[in-house]
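query.txt follows (compact mmCIF, C-alpha atoms):
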# COMPACT_ATOMS: atom_id res chain seq x y z
CA MET A 1 -23.29 -9.40 -42.09
CA ALA A 2 -21.97 -7.40 -39.14
CA SER A 3 -18.36 -6.27 -39.02
CA LYS A 4 -15.96 -8.64 -37.25
CA HIS A 5 -14.35 -5.57 -35.69
CA PRO A 6 -15.52 -3.92 -32.44
CA GLN A 7 -18.64 -1.94 -33.17
CA ILE A 8 -19.90 1.51 -32.28
CA PRO A 9 -22.21 1.02 -29.27
CA ASN A 10 -25.87 1.92 -29.74
CA ALA A 11 -25.66 4.39 -26.85
CA VAL A 12 -22.87 6.28 -28.67
CA ILE A 13 -24.88 6.34 -31.90
CA THR A 14 -27.93 7.65 -30.05
CA LEU A 15 -25.95 10.39 -28.30
CA LEU A 16 -24.28 11.47 -31.55
CA SER A 17 -27.69 11.63 -33.24
CA ASP A 18 -28.71 14.12 -30.54
CA LEU A 19 -25.52 16.20 -30.47
CA VAL A 20 -24.15 16.30 -34.03
CA PRO A 21 -27.20 17.87 -35.75
CA ASP A 22 -26.86 20.97 -33.56
CA ALA A 23 -23.28 21.48 -34.70
CA GLU A 24 -23.61 20.69 -38.42
CA THR A 25 -25.53 21.60 -41.53
CA HIS A 26 -26.62 18.79 -43.86
CA THR A 27 -23.70 19.63 -46.14
CA SER A 28 -21.06 19.73 -43.41
CA LEU A 29 -22.43 16.53 -41.82
CA ASP A 30 -22.27 14.70 -45.16
CA SER A 31 -18.71 15.89 -45.73
CA LEU A 32 -17.61 14.93 -42.21
CA PHE A 33 -19.05 11.41 -42.37
CA LYS A 34 -17.82 10.71 -45.91
CA MET A 35 -14.30 11.82 -45.04
CA ALA A 36 -14.43 9.57 -41.97
CA GLY A 37 -15.13 6.56 -44.21
CA CYS A 38 -18.90 6.08 -43.94
CA PRO A 39 -20.03 4.01 -46.95
CA GLY A 40 -22.63 4.83 -49.55
CA ASP A 41 -24.54 7.98 -50.42
CA PRO A 42 -25.81 10.27 -47.67
CA PRO A 43 -29.18 9.05 -46.35
CA ASP A 44 -32.05 11.24 -47.56
CA THR A 45 -33.57 12.04 -44.17
CA SER A 46 -33.25 14.37 -41.18
CA LYS A 47 -29.81 15.08 -39.73
CA SER A 48 -30.50 13.03 -36.61
CA ALA A 49 -31.79 10.02 -38.56
CA LYS A 50 -28.91 10.41 -41.01
CA VAL A 51 -26.35 10.01 -38.21
CA VAL A 52 -28.06 6.84 -36.99
CA GLU A 53 -28.45 5.25 -40.42
CA TRP A 54 -24.89 5.99 -41.52
CA LEU A 55 -23.31 4.63 -38.32
CA ILE A 56 -25.45 1.49 -38.50
CA ARG A 57 -24.11 0.98 -42.04
CA VAL A 58 -20.59 1.31 -40.66
CA ASN A 59 -21.26 -1.37 -38.04
CA LYS A 60 -22.66 -3.75 -40.65
CA ASP A 61 -19.90 -3.37 -43.24
CA PRO A 62 -17.30 -6.17 -42.74
CA ALA A 63 -14.70 -4.18 -44.68
CA ILE A 64 -14.78 -1.27 -42.24
CA LYS A 65 -13.31 -0.83 -38.77
CA PRO A 66 -16.16 1.01 -37.01
CA LEU A 67 -14.03 2.46 -34.21
CA THR A 68 -11.64 3.94 -36.79
CA VAL A 69 -14.56 5.73 -38.43
CA LEU A 70 -15.87 6.87 -35.04
CA GLY A 71 -12.47 8.28 -34.11
CA SER A 72 -12.32 10.30 -37.32
CA ILE A 73 -15.78 11.73 -36.68
CA LEU A 74 -15.06 12.58 -33.07
CA GLU A 75 -11.80 14.37 -33.85
CA ARG A 76 -13.91 17.30 -35.08
CA TYR A 77 -15.36 17.68 -31.61
CA MET A 78 -13.07 16.05 -29.06
CA GLU A 79 -10.08 18.28 -29.82
CA ILE A 80 -11.93 21.25 -28.36
CA HIS A 81 -9.78 22.86 -25.69
CA ILE A 82 -11.29 24.08 -22.45
CA VAL A 83 -9.74 27.52 -23.03
CA ASP A 84 -11.59 27.77 -26.35
CA ALA A 85 -14.82 26.91 -24.57
CA LEU A 86 -14.26 29.55 -21.90
CA LEU A 87 -13.52 32.16 -24.55
CA GLY A 88 -16.70 31.29 -26.38
CA ASP A 89 -14.89 30.06 -29.48
CA VAL A 90 -16.80 26.76 -29.55
CA ASP A 91 -19.83 26.95 -31.78
CA GLU A 92 -22.76 24.70 -30.99
CA TRP A 93 -20.78 21.79 -29.60
CA ASP A 94 -20.64 22.59 -25.88
CA ILE A 95 -17.84 21.38 -23.62
CA LYS A 96 -20.52 19.62 -21.54
CA ASP A 97 -21.46 17.56 -24.57
CA LYS A 98 -17.83 16.51 -24.96
CA ILE A 99 -17.73 15.36 -21.34
CA GLN A 100 -21.02 13.51 -21.78
CA LEU A 101 -19.64 11.69 -24.80
CA GLU A 102 -16.45 10.75 -22.91
CA GLU A 103 -18.59 9.24 -20.15
CA VAL A 104 -20.66 7.18 -22.60
CA LEU A 105 -17.50 5.89 -24.27
CA LYS A 106 -16.05 4.95 -20.90
CA ARG A 107 -19.20 2.99 -19.93
CA HIS A 108 -18.56 0.85 -23.00
CA ASP A 109 -14.83 0.42 -22.26
CA LEU A 110 -13.83 2.86 -24.97
CA SER A 111 -11.72 5.99 -24.91
CA TYR A 112 -10.93 8.77 -27.35
CA VAL A 113 -7.19 9.17 -27.91
CA SER A 114 -5.80 12.20 -29.72
CA PRO A 115 -5.60 12.55 -32.63
CA GLY A 116 -8.75 10.95 -33.99
CA LYS A 117 -8.71 7.46 -32.49
CA VAL A 118 -11.16 5.49 -30.38
CA VAL A 119 -9.65 2.48 -28.61
CA GLN A 120 -10.85 -0.25 -26.28
CA ILE A 121 -9.66 0.13 -22.70
CA ASN A 122 -11.12 -3.03 -21.17
CA MET A 123 -7.83 -4.92 -21.07
CA GLY A 124 -7.30 -4.40 -17.35
CA THR A 125 -5.89 -2.16 -14.68
CA SER A 126 -2.37 -1.94 -16.11
CA THR A 127 -3.52 -0.33 -19.35
CA GLU A 128 -6.06 1.84 -17.51
CA ALA A 129 -3.29 3.10 -15.24
CA LEU A 130 -1.06 3.97 -18.18
CA SER A 131 -3.94 5.65 -19.99
CA SER A 132 -4.59 7.83 -16.94
CA VAL A 133 -0.91 8.69 -16.42
CA ILE A 134 -0.11 9.71 -20.00
CA ARG A 135 -3.26 11.82 -20.33
CA GLU A 136 -1.79 14.15 -17.71
CA ARG A 137 1.49 14.66 -19.59
CA ASP A 138 2.80 15.82 -22.95
CA PHE A 139 3.69 12.31 -24.12
CA ARG A 140 2.26 12.37 -27.65
CA ALA A 141 4.64 9.70 -28.98
CA VAL A 142 3.73 7.39 -26.11
CA GLU A 143 0.01 8.11 -26.60
CA ASP A 144 0.21 7.26 -30.30
CA GLU A 145 1.91 3.92 -29.67
CA PHE A 146 -0.44 3.12 -26.77
CA ALA A 147 -3.45 3.73 -29.00
CA ARG A 148 -1.94 1.57 -31.75
CA ALA A 149 -1.24 -1.23 -29.28
CA LEU A 150 -4.81 -1.30 -27.96
CA GLU A 151 -6.38 -0.84 -31.37
CA ASN A 152 -4.66 -3.90 -32.85
CA VAL A 153 -4.66 -6.44 -29.99
CA ALA A 154 -7.50 -8.54 -31.40
CA THR A 155 -7.29 -7.76 -35.10
CA ASP A 156 -3.52 -7.51 -35.70
CA PRO A 157 -1.56 -8.92 -32.71
CA ARG A 158 1.81 -8.60 -34.44
CA GLU A 159 1.25 -4.88 -34.92
CA SER A 160 0.15 -4.60 -31.28
CA VAL A 161 3.37 -6.25 -30.06
CA SER A 162 5.42 -3.81 -32.12
CA ALA A 163 3.51 -0.88 -30.61
CA ALA A 164 3.97 -2.27 -27.08
CA CYS A 165 7.72 -2.18 -27.60
CA ASN A 166 7.50 1.33 -29.01
CA ILE A 167 5.60 2.51 -25.91
CA LEU A 168 8.71 1.79 -23.86
CA GLU A 169 11.19 3.04 -26.45
CA SER A 170 9.29 6.34 -26.79
CA LEU A 171 9.02 6.81 -23.03
CA PHE A 172 12.68 5.98 -22.42
CA LYS A 173 13.77 8.43 -25.12
CA ILE A 174 11.64 11.18 -23.54
CA VAL A 175 13.26 10.59 -20.15
CA ILE A 176 16.76 10.50 -21.65
CA GLU A 177 16.14 13.72 -23.59
CA ASP A 178 14.48 15.64 -20.73
CA GLU A 179 17.09 14.58 -18.18
CA ARG A 180 19.96 15.14 -20.64
CA LEU A 181 21.29 11.63 -20.16
CA GLY A 182 23.84 10.02 -22.41
CA VAL A 183 22.24 8.56 -25.53
CA PRO A 184 23.29 4.90 -25.97
CA ARG A 185 25.19 3.93 -29.08
CA LYS A 186 22.54 1.33 -29.87
CA GLN A 187 19.12 2.90 -29.46
CA ASP A 188 17.14 -0.32 -29.28
CA LEU A 189 15.03 -1.26 -26.26
CA PRO A 190 17.77 -3.08 -24.30
CA GLY A 191 20.17 -0.19 -24.90
CA LEU A 192 17.66 2.44 -23.82
CA TRP A 193 16.59 0.35 -20.82
CA LYS A 194 20.19 0.17 -19.57
CA VAL A 195 20.35 3.98 -19.43
CA ILE A 196 16.99 4.18 -17.64
CA ARG A 197 17.92 1.36 -15.25
CA ASP A 198 21.20 3.00 -14.29
CA TYR A 199 19.69 6.49 -13.92
CA PHE A 200 16.88 5.40 -11.61
CA GLY A 201 18.87 2.71 -9.83
CA PHE A 202 16.70 -0.16 -11.02
CA ASP A 203 19.65 -2.54 -11.03
CA ALA A 204 18.60 -5.40 -8.76
CA SER A 205 22.06 -5.54 -7.20
CA SER A 206 21.51 -2.05 -5.78
CA VAL A 207 18.33 -3.01 -3.95
CA GLU A 208 18.89 -4.55 -0.53
CA ASP A 209 15.48 -6.13 -0.03
CA GLN A 210 15.57 -9.51 -1.79
CA ASP A 211 11.87 -9.57 -2.69
CA LEU A 212 12.07 -6.15 -4.30
CA SER A 213 15.26 -7.24 -6.02
CA ARG A 214 13.38 -10.05 -7.73
CA ILE A 215 10.69 -7.64 -8.94
CA VAL A 216 13.22 -5.12 -10.24
CA GLY A 217 15.15 -7.90 -11.94
CA GLY A 218 11.90 -9.03 -13.52
CA LEU A 219 11.37 -5.54 -14.95
CA ALA A 220 14.64 -5.88 -16.80
CA SER A 221 13.46 -9.19 -18.23
CA VAL A 222 10.21 -7.53 -19.32
CA ALA A 223 12.05 -4.81 -21.24
CA VAL A 224 14.40 -7.23 -22.97
CA GLY A 225 11.63 -9.79 -23.57
CA ILE A 226 9.30 -7.31 -25.26
CA GLY A 227 12.12 -6.11 -27.48
CA ALA A 228 12.96 -9.70 -28.43
CA LEU A 229 9.32 -10.55 -29.14
CA ARG A 230 9.05 -7.59 -31.46
CA THR A 231 12.21 -8.68 -33.28
CA HIS A 232 11.09 -12.28 -33.68
CA ALA A 233 7.32 -12.01 -33.99
CA SER A 234 6.18 -8.56 -35.07
CA ARG A 235 6.32 -6.76 -38.41
CA ALA A 236 9.13 -4.53 -37.18
CA HIS A 237 11.56 -6.81 -39.04
CA GLY A 238 11.25 -9.08 -42.07
CA SER A 239 10.57 -12.80 -41.74
CA GLY A 240 12.22 -15.79 -43.35
CA ARG A 241 10.43 -18.95 -44.42
CA SER A 242 9.32 -19.76 -40.91
CA ARG A 243 7.11 -17.30 -39.10
CA TYR A 244 6.33 -17.23 -35.40
CA LYS A 245 2.61 -17.59 -34.78
CA ILE A 246 1.38 -14.83 -32.53
CA ASP A 247 -2.20 -14.27 -31.40
CA ALA A 248 -4.15 -11.89 -29.19
CA ARG A 249 -3.06 -13.45 -25.88
CA HIS A 250 0.59 -12.80 -26.75
CA ALA A 251 -0.23 -9.21 -27.68
CA ARG A 252 -2.14 -8.69 -24.42
CA LEU A 253 0.82 -10.02 -22.45
CA ALA A 254 3.17 -7.61 -24.21
CA VAL A 255 0.84 -4.61 -23.79
CA HIS A 256 0.12 -5.36 -20.12
CA SER A 257 3.82 -5.81 -19.39
CA ALA A 258 4.82 -2.65 -21.24
CA SER A 259 2.07 -0.67 -19.49
CA THR A 260 3.12 -1.86 -16.04
CA LEU A 261 6.78 -1.05 -16.65
CA ALA A 262 5.93 2.33 -18.22
CA VAL A 263 3.80 3.38 -15.23
CA PHE A 264 6.54 2.31 -12.81
CA VAL A 265 9.14 4.36 -14.69
CA ILE A 266 6.89 7.44 -14.86
CA GLU A 267 6.00 7.25 -11.15
CA THR A 268 9.67 6.84 -10.24
CA TRP A 269 10.51 9.82 -12.44
CA ASP A 270 7.85 11.91 -10.69
CA LEU A 271 9.23 11.00 -7.27
CA ARG A 272 12.72 11.99 -8.33
CA LYS A 273 11.46 15.35 -9.62
CA TYR A 274 9.59 16.06 -6.39
CA ALA A 275 12.60 15.09 -4.32
CA HIS A 276 14.76 17.62 -6.16
CA ALA A 277 12.12 20.35 -6.35

Taking this structure as input, can you express it in the form of structure tokens?
Amino acid sequence: MASKHPQIPNAVITLLSDLVPDAETHTSLDSLFKMAGCPGDPPDTSKSAKVVEWLIRVNKDPAIKPLTVLGSILERYMEIHIVDALLGDVDEWDIKDKIQLEEVLKRHDLSYVSPGKVVQINMGTSTEALSSVIRERDFRAVEDEFARALENVATDPRESVSAACNILESLFKIVIEDERLGVPRKQDLPGLWKVIRDYFGFDASSVEDQDLSRIVGGLASVAVGIGALRTHASRAHGSGRSRYKIDARHARLAVHSASTLAVFVIETWDLRKYAHA
């Protein structure tokens, strides 16, 4: 029986079977794949065939999340820095192979996120925009929560909602720290949002155009709404006897909303920096 979780695409398996054997001995390959969570004993075959057989096992095992295993395997290679490659410090795994693997992942709506995670990115333009924006910046806390949000949308929506809220909290805290703004007494999402709103002038009453005012006012509702949904529906807080039923569509709504707001805040922050440069 195949895993109910998203599987490793055949094209990725094929590419890894071509690339990994050049970078590993049998012993190091076995160690890498076992530590990543590949089940069973190492296949008794060539290195290339071993990669294929082991990853097919991963896809078929219902107790395993294949993309989690793939992320652990790829961490060995995808954390290569361009400087290391230019200095010749990369062994057999060439920087071109890393780029080739990134392209294959992208064709299957997947992306490697540091450290050691592969996530689906086919949720839409809002998440793609945020993924692109945070890759260009040192936003590790935001990256971690973004990866957790995408990773759990279908399999654990409550966890995804919690991560969506944390995307905004992490981003707002980064802005507050970097700009040396006053830290709110209550560091929950509404409290942090108030500081961000006031700093960037997102208060709808300060915007003359009525249409834009409605959009800016809606952003405030998004921030407060995501925080409330986490409180009432996620695992961030304990539940009583009754428990709000949340499914993937709720998680997608939260992640899309958080991504849109996060990109808007980052772009506004960039404009302010350029204006004062």

Residue with smallest distance to Ile174 (chain A) - pool A:Val12, A:Ile99, A:Ala49, A:Val142, counting all atoms listed in the file:
A:Val142

At a cut-off of 8 Å, using all atoms listed in the file, what residues contact Pro157 (chain A)? Leave out same-chain residues fewer than 6 positions from it and give the result as number ranges by chain.
A: 246-248, 250-251

Counting all atoms listed in the file, what is within 6 Å of region 255-259 of chain A, bar same-chain residues fewer than 2 positions away, as a list in words?
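Once the nearby chain positions are removed, what remains is Ser126, Thr127, Leu130, Ala164, Arg252, Leu253, Leu261 and Ala262 of chain A.
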
Of A:Arg76, A:Lys273, A:Lys50, A:Lys34, the one nearest to Asp18 (chain A) when counting all atoms listed in the file is A:Lys50

Å distance separating CA of Asn166 (chain A) from CA of Val263 (chain A), one decimal place
14.4 Å
